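Everything on this sheet refers to the single structure shown next.
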Amino acid sequence: MIGVWAALLVALVGALVLNPPKLSTEFRIDGTPAQEVIDELARELPEVSGGQGSLVFQAPAGDRLDSELLGPVLAEAVQGVYSVEEVVDPADLMQSQQQPGAAPATPPRSTPETPGNAPSAPPGTLVVGGQPVLGVTVSEDGRVALFQFQFDDQIFELPQGTVADTVAAAEAPAEEAGVAVLPGATLQEIPEIIGVGEIVGLAVAALVLVVTLGSVVAAGLPLLTALAGVGAGIGGAFALAHLFELNSLSVVLALMLGLAVGIDYALFIVNRQRWLILTRGLDAGEATGRAVGTAGSAVFFAGTTVVIALTALLVVGISLLTVMALIAAATVAIAVLVALTLLPALLGLVKERICSPRARARQAGHRDRSRNPARRWVGLVVRYRWAAVVLVTAVAALLALPLSSMRLGMPSAESYGSGTPQREGYDLVAEGFGEGFNGPLVVAARTAEPGTPIEPPALQELVADLSALDGVQSAMPAGLSQDGTIAVLQVVPTTGPTDEATEDLVAEIRDRSAQYGDDLGITLGVTGLTAIGIDMSQRLSEVLPIYLAVVLGLSLIVLLLVFRSILVPVKATLGFLLSILATFGATTAVFQWGWLNQVFGLDSTTVVMSVIPIIATGVLYGLAMDYQIFLVSSIRESHVHGHHGTDSVTDGFTQASRVVVAAAIIMTAVFGGFIFNADPMVKQVGFALAVGILIDAFLIRLTLVPAVMAMFGDRAWWLPAWLDRLLPDLDVEGDKLVQRLNGEHGDVPEAAEPPGREPASAPAG
């Protein structure tokens with residue numbers, strides 16, 4: 001078995017070496033207005049439909065970029081960028097279009113004229129040798145220049161290394177003259193997948209495993225199997241990346257989830273195996289088989305709930321989320337497979353060394369169960385159950401309050417930390433030209449009657465009208481199709497890409513399309529990175545309630561099958577709703593309101609990334625049900641084996657809570673490591689999942705659940721007789737297997753210690 005997994009990993013590494021993967025930072029949602037405009041331009045005017053690129057130049061202190069000394073340097077840098085094969089050179093484009101019978105590449109502009117009737121360059125244009133440098137605008141003080149250009153394809157479809165080559169082409173002449181070159185907001189690099197924060201998170205997880213399992217050998221197995229599962233899952237996605245668009249965020253999400261569940265699932269099985277060795281006197285081989293047959297059964301079902309929650313994202317109908325969900329779900333499924341195959345094989349190698357001599361000695365000491373911290377905690381919760389329910393509900397509601405003002409969007413370069421190239425470039429552009437130049441809008445104008453060319457006076461009137469709108473800094477033509485039926489305009493807002501005023505401006509321009517159609521015979525479409533982010537947020541906001549309803553309905557059905565109770569599924573579903581709303585509120589408070597953001601390496605506020613609510617809902621539901629299954633099934637088993645009322649709650653909680661606490665801390669550490677990633681999108685995903693786990697595990701599962709179960713006592717397990725006959729008995733915890741083994745081998749009954757649970761007397765070292 002070990003050889004099979006090793007061969008698979010080697011094969012994946014070989015496939016990646018032969019066919020290196022290509023990651024994308026593109027967020028495409030088909031059916032949105034902005035995406036439809038891009039697709040139309042790709043068909044009708046491909047020369048202006050490629051990805052937008054921008055570079056920011058900064059002059060040395062005391063110099064101007066438009067001076068006789070630095071102007072030629074800047075022109076050389078620009079020409080170096082235009083020499084990159086994938087960058088569109090406007091001079092070549094105009095020359096090719098201005099052949100006999102061809103329409104001009106750009107429509108006339110309203111600019112002041114010199115006495116000789118030759119149009120002068122617009123203010124801010126860099127002029128070198130009497131000729132304007134196309135695409136470059138210099139700030140009034142001459143310290144900053146913005147160079148805007150286009151690629152011949154969308155950035156995520158460019159050959160690997162194109163963006164780096166483009167920046168290097170500009171840096172070569174500029175750096176010799178002391179001119180700084182920074183990538184613009186559109187040239188965001190693929191986020192680092194593994195950094196210092198992620199490594200620290202894994203280190204914390206390793207420490208928790210050592211404390212929980214009591215030995216380095218036992219703690220190393222969950223880490224090893226989790227890494228193997230993640231390697232197989234993400235490696236497989238990379239190997240198949242030529243068949244679909246693989247987004248960088250999909251890889252990061254799969255990595256987060258694969259590490260977290262891979263460690264947790266292995267922990268549940270190893271913890272069970274060690275308990276069987278220490279308390280039942282079984283040899284390591286027999287204990288491994290029983291652990292996989294009992295705790296492994298719960299792991300299989302818990303992993304299935306995570307996979308179902310993730311694949312439910314397919315009902316949203318957004319290709320971006322579909323790929324993201326399928327990769328994450330496949331990684332979780334592989335983590336389950338690894339826990340049920342590779343882990344038992346490794347346990348077969350380790351054998352009796354899985355329990356250290358210290359652990360065996362501590363087990364022989366028979367610690368006093370009454371001093372168990374879990375028993376003391378649950379005793380306090382059960383005694384003051386009404387107060388606990390009120391307190392947890394109040395805390396969750398308080399955390400959820402910021403949700404009322406949550407704004408969804410795509411974080412801009414402003415969201416990066418100070419000192420990063422993206423943030424420095426953003427600040428320089430905002431200082432030199434205005435916030436809007438960091439996210440210009442692309443407006444596609446076409447005639448209302450297909451096939452009819454746009455009249456130049458109508459186009460000039462349109463440009464003038466758009467320039468006069470509130471919130472518009474400038475509007476200018478950027479291109480015209482060969483037949484003159486489509487014109488592309490660049491509209492620069494006065495506000496930044498994520499400002500609410502920019503969103504209102506996009507809506508106003510679209511609303512005016514009908515009016516322009518009647519008055520000028522021209523209809524409008526708005527696109528560009530800013531408009532795409534706005535449309536994506538609106539689309540995801542519309543489908544979120546549908547997805548949340550699907551998940552909550554799924555929760556009721558799954559938990560009804562598992563626990564054969566009416567109250568438990570309702571209570572668990574309402575608890576999950578509390579935790580997810582509190583998670584959204586906390587994320588809004590930190591990233592949008594700026595509360596405690598410096599703690600997480602932030603020094604600016606931004607919108608909440610539009611995919612966060614849907615991703616967090618799917619992932620946290622699956623993980624919350626993991627803890628629900630391991631904790632409440634233990635309480636149920638205690639009830640089945642003779643404990644009643646609050647006694648079953650106290651006994652079951654004491655047995656299962658320790659391993660649930662360890663699993664929650666591990667997941668929080670793994671997710672929390674991604675909070676310190678430089679990419680603001682990865683940072684938000686890591687924060688939402690880490691905080692969500694903390695809230696759901698410690699507030700909901702370990703406090704609210706036992707309090708509510710104590711309130712209802714034995715009535716919590718009521719189920720109508722007719723429904724009891726209809727529902728299948730899933731035996732998630734493998735209790736029937738334990739009973740059969742006890743009957744065959746005459747073992748000491750395990751009824752007092754339900755399978756898959758952590759005994760109060762299990763050693764910690």
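For the structure tokens, the naming scheme is as follows: chains receive sequential letters (A, B, ...) according to their order of presentation, residues are indexed from 1 within each chain, and ligands are indexed from 1 in presentation order.
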Taking the backbone alone, and naming residues the way the document does, which bits of segment 400-514 of chain A are helix (DSSP H, G or I) by DSSP, as a PyMOL selection string? chain A and resi 400-405+413-415+421-432+435-438+456-467+500-511+513-514
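When only C-alpha atoms are used to measure the gap to Leu726 of chain A, the shortest distance among A:Leu401, A:Leu561, A:Ala177, A:Ala387 belongs to A:Leu561.
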Find the spatial neighbours of Val251 of chain A, counting only C-alpha atoms, within a cut-off of 8 Å - ignore same-chain residues fewer than 2 positions away - and output them as an NGL selection string. :A and (193 or 234 or 246-249 or 253-255 or 324 or 327)
How would the residues just picked look written out with C-alpha atoms as a tab-separated table (two decimals), in the first residue's frame?
chain	number	residue	atom	x	y	z
A	193	ILE	CA	1.14	29.16	-1.92
A	234	ILE	CA	-3.16	19.32	-5.76
A	246	LEU	CA	-6.86	26.45	-12.76
A	247	ASN	CA	-7.27	29.52	-10.57
A	248	SER	CA	-4.65	30.26	-7.94
A	249	LEU	CA	-7.32	30.65	-5.24
A	253	LEU	CA	-8.31	26.59	-0.85
A	254	ALA	CA	-7.53	22.94	-1.64
A	255	LEU	CA	-4.23	23.26	0.22
A	324	MET	CA	-12.82	25.58	-7.06
A	327	ILE	CA	-10.70	20.55	-6.71
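Distance check against Leu223 of chain A using only C-alpha atoms: of A:Arg376, A:Gly417, A:Ile666, A:Leu8, the minimum falls on A:Ile666.
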For the atom pair atom CA of Asp264 of chain A and atom CA of Leu209 of chain A, what is the interatomic distance in Å to one decimal place?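 It comes out at 9.5 Å.
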If we count only C-alpha atoms and set the cut-off at 12 Å, which residues sit around Val562 of chain A, ignoring sequence neighbours fewer than 4 positions away in its own chain? Please answer as a VMD selection string. chain A and resid 298 301 to 302 305 555 to 558 566 568 to 569 625 to 626 628 to 630 632 to 633 636 717 724 727 to 733
Taking 4 positions as the minimum chain separation for residues in the same chain, which residues sit within 10 Å of segment 505-507 of chain A when counting only C-alpha atoms? Answer as a list of chain:residue names.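 Those residues are A:Leu441, A:Val443, A:Leu469, A:Asp470, A:Gly471, A:Val472, A:Pro493, A:Thr494, A:Thr495, A:Glu500, A:Ala501, A:Asp511, A:Arg512, A:Gly525, A:Val526, A:Thr527, A:Thr530, A:Ala531, A:Ile534, A:Asp535.
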Env of Gly258 of chain A: 7 Å cut, atoms = only C-alpha atoms, seq-sep filter 3 positions within chain, self excluded. Answer as a PDB file with N, CA, C and O atoms, in the first residue's frame.
ATOM      1  N   ALA A 226      -1.311  13.720   5.812  1.00  0.00           N
ATOM      2  CA  ALA A 226      -1.948  14.933   5.299  1.00  0.00           C
ATOM      3  C   ALA A 226      -1.154  15.506   4.127  1.00  0.00           C
ATOM      4  O   ALA A 226      -1.728  15.915   3.109  1.00  0.00           O
ATOM      5  N   GLY A 229      -1.735  13.331   1.095  1.00  0.00           N
ATOM      6  CA  GLY A 229      -3.041  13.577   0.499  1.00  0.00           C
ATOM      7  C   GLY A 229      -3.092  14.874  -0.270  1.00  0.00           C
ATOM      8  O   GLY A 229      -3.645  14.945  -1.384  1.00  0.00           O
ATOM      9  N   VAL A 230      -2.520  15.926   0.318  1.00  0.00           N
ATOM     10  CA  VAL A 230      -2.495  17.219  -0.370  1.00  0.00           C
ATOM     11  C   VAL A 230      -1.647  17.134  -1.633  1.00  0.00           C
ATOM     12  O   VAL A 230      -2.007  17.680  -2.684  1.00  0.00           O
ATOM     13  N   ALA A 254      -7.746  24.386  -1.743  1.00  0.00           N
ATOM     14  CA  ALA A 254      -7.528  22.941  -1.637  1.00  0.00           C
ATOM     15  C   ALA A 254      -6.393  22.634  -0.673  1.00  0.00           C
ATOM     16  O   ALA A 254      -6.452  21.664   0.089  1.00  0.00           O
ATOM     17  N   LEU A 255      -5.348  23.465  -0.691  1.00  0.00           N
ATOM     18  CA  LEU A 255      -4.228  23.260   0.223  1.00  0.00           C
ATOM     19  C   LEU A 255      -4.666  23.447   1.669  1.00  0.00           C
ATOM     20  O   LEU A 255      -4.355  22.620   2.548  1.00  0.00           O
ATOM     21  N   VAL A 261      -8.186  18.844   7.087  1.00  0.00           N
ATOM     22  CA  VAL A 261      -8.953  17.609   7.269  1.00  0.00           C
ATOM     23  C   VAL A 261      -8.038  16.393   7.247  1.00  0.00           C
ATOM     24  O   VAL A 261      -8.304  15.394   7.931  1.00  0.00           O
ATOM     25  N   GLY A 262      -6.947  16.455   6.480  1.00  0.00           N
ATOM     26  CA  GLY A 262      -6.032  15.322   6.457  1.00  0.00           C
ATOM     27  C   GLY A 262      -5.430  15.059   7.824  1.00  0.00           C
ATOM     28  O   GLY A 262      -5.331  13.905   8.265  1.00  0.00           O
ATOM     29  N   THR A 331      -9.695  16.875  -3.190  1.00  0.00           N
ATOM     30  CA  THR A 331      -8.608  16.832  -2.212  1.00  0.00           C
ATOM     31  C   THR A 331      -9.086  16.251  -0.889  1.00  0.00           C
ATOM     32  O   THR A 331      -8.382  15.467  -0.242  1.00  0.00           O
ATOM     33  N   VAL A 332     -10.298  16.620  -0.457  1.00  0.00           N
ATOM     34  CA  VAL A 332     -10.861  16.060   0.777  1.00  0.00           C
ATOM     35  C   VAL A 332     -11.114  14.563   0.612  1.00  0.00           C
ATOM     36  O   VAL A 332     -10.821  13.764   1.520  1.00  0.00           O
ATOM     37  N   ALA A 335      -7.974  12.828   0.969  1.00  0.00           N
ATOM     38  CA  ALA A 335      -7.561  12.809   2.376  1.00  0.00           C
ATOM     39  C   ALA A 335      -8.244  11.671   3.128  1.00  0.00           C
ATOM     40  O   ALA A 335      -7.614  10.997   3.963  1.00  0.00           O
TER      41      ALA A 335
END
Skipping near chain neighbours, those fewer than 6 positions away, what residues fall within 8 Å of segment 516-521 of chain A using only C-alpha atoms, listed as a ChimeraX atom specification? /A:447-449,458,462
The selected residues should be written to file as an mmCIF file, in the first residue's frame (atoms: N, CA and C atoms).
data_model
loop_
_atom_site.group_PDB
_atom_site.id
_atom_site.type_symbol
_atom_site.label_atom_id
_atom_site.label_comp_id
_atom_site.auth_asym_id
_atom_site.auth_seq_id
_atom_site.Cartn_x
_atom_site.Cartn_y
_atom_site.Cartn_z
ATOM 1 N N THR A 447 -23.443 51.017 -32.453
ATOM 2 C CA THR A 447 -24.662 51.608 -33.004
ATOM 3 C C THR A 447 -25.875 50.764 -32.636
ATOM 4 N N ALA A 448 -26.972 51.467 -32.395
ATOM 5 C CA ALA A 448 -28.209 50.767 -32.043
ATOM 6 C C ALA A 448 -28.705 49.911 -33.194
ATOM 7 N N GLU A 449 -28.437 50.347 -34.426
ATOM 8 C CA GLU A 449 -28.806 49.572 -35.604
ATOM 9 C C GLU A 449 -27.573 48.824 -36.087
ATOM 10 N N ALA A 458 -21.673 62.187 -33.168
ATOM 11 C CA ALA A 458 -22.368 61.466 -32.094
ATOM 12 C C ALA A 458 -21.366 60.919 -31.087
ATOM 13 N N LEU A 462 -21.014 61.904 -27.174
ATOM 14 C CA LEU A 462 -21.025 60.873 -26.134
ATOM 15 C C LEU A 462 -19.847 61.063 -25.183
#
Go ahead and compute the interatomic distance for atom CA of Glu431 of chain A and atom CA of Ser418 of chain A, in Å to one decimal.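 Atom CA of Ser418 of chain A lies at a distance of 15.0 Å from atom CA of Glu431 of chain A.
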Interface rows for segment 265-334 of chain A against segment 30-43 of chain A: nearest pair, Å to one decimal, 12 Å, only C-alpha atoms, as JSON lines:
{"residue": "A:Gly317", "atom": "CA", "partner": "A:Asp30", "partner_atom": "CA", "distance": 9.4}
{"residue": "A:Ile318", "atom": "CA", "partner": "A:Asp30", "partner_atom": "CA", "distance": 7.2}
{"residue": "A:Ser319", "atom": "CA", "partner": "A:Asp30", "partner_atom": "CA", "distance": 7.6}
{"residue": "A:Leu320", "atom": "CA", "partner": "A:Asp30", "partner_atom": "CA", "distance": 9.1}
{"residue": "A:Leu321", "atom": "CA", "partner": "A:Asp30", "partner_atom": "CA", "distance": 11.6}
Mind dumping the selected residues with N, CA, C and O atoms as a PDB file, in the first residue's frame?
ATOM      1  N   GLY A 317     -23.990  27.435 -10.357  1.00  0.00           N
ATOM      2  CA  GLY A 317     -23.889  27.606 -11.798  1.00  0.00           C
ATOM      3  C   GLY A 317     -22.817  28.577 -12.247  1.00  0.00           C
ATOM      4  O   GLY A 317     -22.921  29.148 -13.338  1.00  0.00           O
ATOM      5  N   ILE A 318     -21.779  28.785 -11.446  1.00  0.00           N
ATOM      6  CA  ILE A 318     -20.678  29.684 -11.802  1.00  0.00           C
ATOM      7  C   ILE A 318     -19.434  28.827 -12.010  1.00  0.00           C
ATOM      8  O   ILE A 318     -18.998  28.117 -11.101  1.00  0.00           O
ATOM      9  N   SER A 319     -18.861  28.881 -13.214  1.00  0.00           N
ATOM     10  CA  SER A 319     -17.752  27.998 -13.561  1.00  0.00           C
ATOM     11  C   SER A 319     -16.564  28.181 -12.625  1.00  0.00           C
ATOM     12  O   SER A 319     -15.874  27.214 -12.281  1.00  0.00           O
ATOM     13  N   LEU A 320     -16.295  29.419 -12.217  1.00  0.00           N
ATOM     14  CA  LEU A 320     -15.190  29.684 -11.298  1.00  0.00           C
ATOM     15  C   LEU A 320     -15.346  28.882 -10.011  1.00  0.00           C
ATOM     16  O   LEU A 320     -14.418  28.209  -9.551  1.00  0.00           O
ATOM     17  N   LEU A 321     -16.543  28.932  -9.408  1.00  0.00           N
ATOM     18  CA  LEU A 321     -16.784  28.210  -8.161  1.00  0.00           C
ATOM     19  C   LEU A 321     -16.877  26.713  -8.393  1.00  0.00           C
ATOM     20  O   LEU A 321     -16.541  25.921  -7.507  1.00  0.00           O
TER      21      LEU A 321
END
Could you pull out the strand (DSSP E) residues of segment 294-483 of chain A, going by DSSP on the backbone, and write them as number ranges by chain? A: 408-409, 441-447, 472-480
For the residues in the current selection, export C-alpha atoms as a short mmCIF file (atom, residue, chain, number, x, y, z; two decimals), in the first residue's frame.
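Produced file result.cif, reproduced below:
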data_model
loop_
_atom_site.label_atom_id
_atom_site.label_comp_id
_atom_site.auth_asym_id
_atom_site.auth_seq_id
_atom_site.Cartn_x
_atom_site.Cartn_y
_atom_site.Cartn_z
CA LEU A 408 -18.74 42.52 -1.44
CA GLY A 409 -16.15 43.12 -4.14
CA LEU A 441 -13.61 51.61 -16.89
CA VAL A 442 -13.77 50.33 -20.45
CA VAL A 443 -16.94 51.48 -22.21
CA ALA A 444 -17.87 49.78 -25.48
CA ALA A 445 -20.17 51.89 -27.66
CA ARG A 446 -21.91 50.44 -30.69
CA THR A 447 -24.66 51.61 -33.00
CA VAL A 472 -15.95 60.94 -13.89
CA GLN A 473 -12.44 62.38 -14.00
CA SER A 474 -11.93 61.92 -17.73
CA ALA A 475 -13.32 60.10 -20.75
CA MET A 476 -11.45 59.56 -24.01
CA PRO A 477 -11.63 57.35 -27.11
CA ALA A 478 -9.35 54.31 -27.13
CA GLY A 479 -10.17 52.47 -30.35
CA LEU A 480 -12.56 52.01 -33.29
#
Which one of A:Gly575, A:Gly496, A:Gly135, A:Gly124 sits closest to Val389 of chain A if you count only C-alpha atoms?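 Using only C-alpha atoms, Val389 of chain A sits closest to A:Gly575.
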Using only C-alpha atoms for the distances, tell me which of A:Val492, A:Ala59, A:Leu602, A:Leu207 is nearest to Ser415 of chain A.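 The answer is A:Leu602, which sits nearest to Ser415 of chain A.
Shortest separation to Val660 of chain A among A:Val382, A:Val608, A:Phe268, A:Gly672 occurs at residue A:Phe268, atoms counted being only C-alpha atoms.
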Could you check the closest approach to Ile612 of chain A for each of A:Thr583, A:Thr485, A:Asn271, A:Ser638 and tell me which residue wins, using only C-alpha atoms?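 Selected residue with least distance to Ile612 of chain A: A:Thr583.
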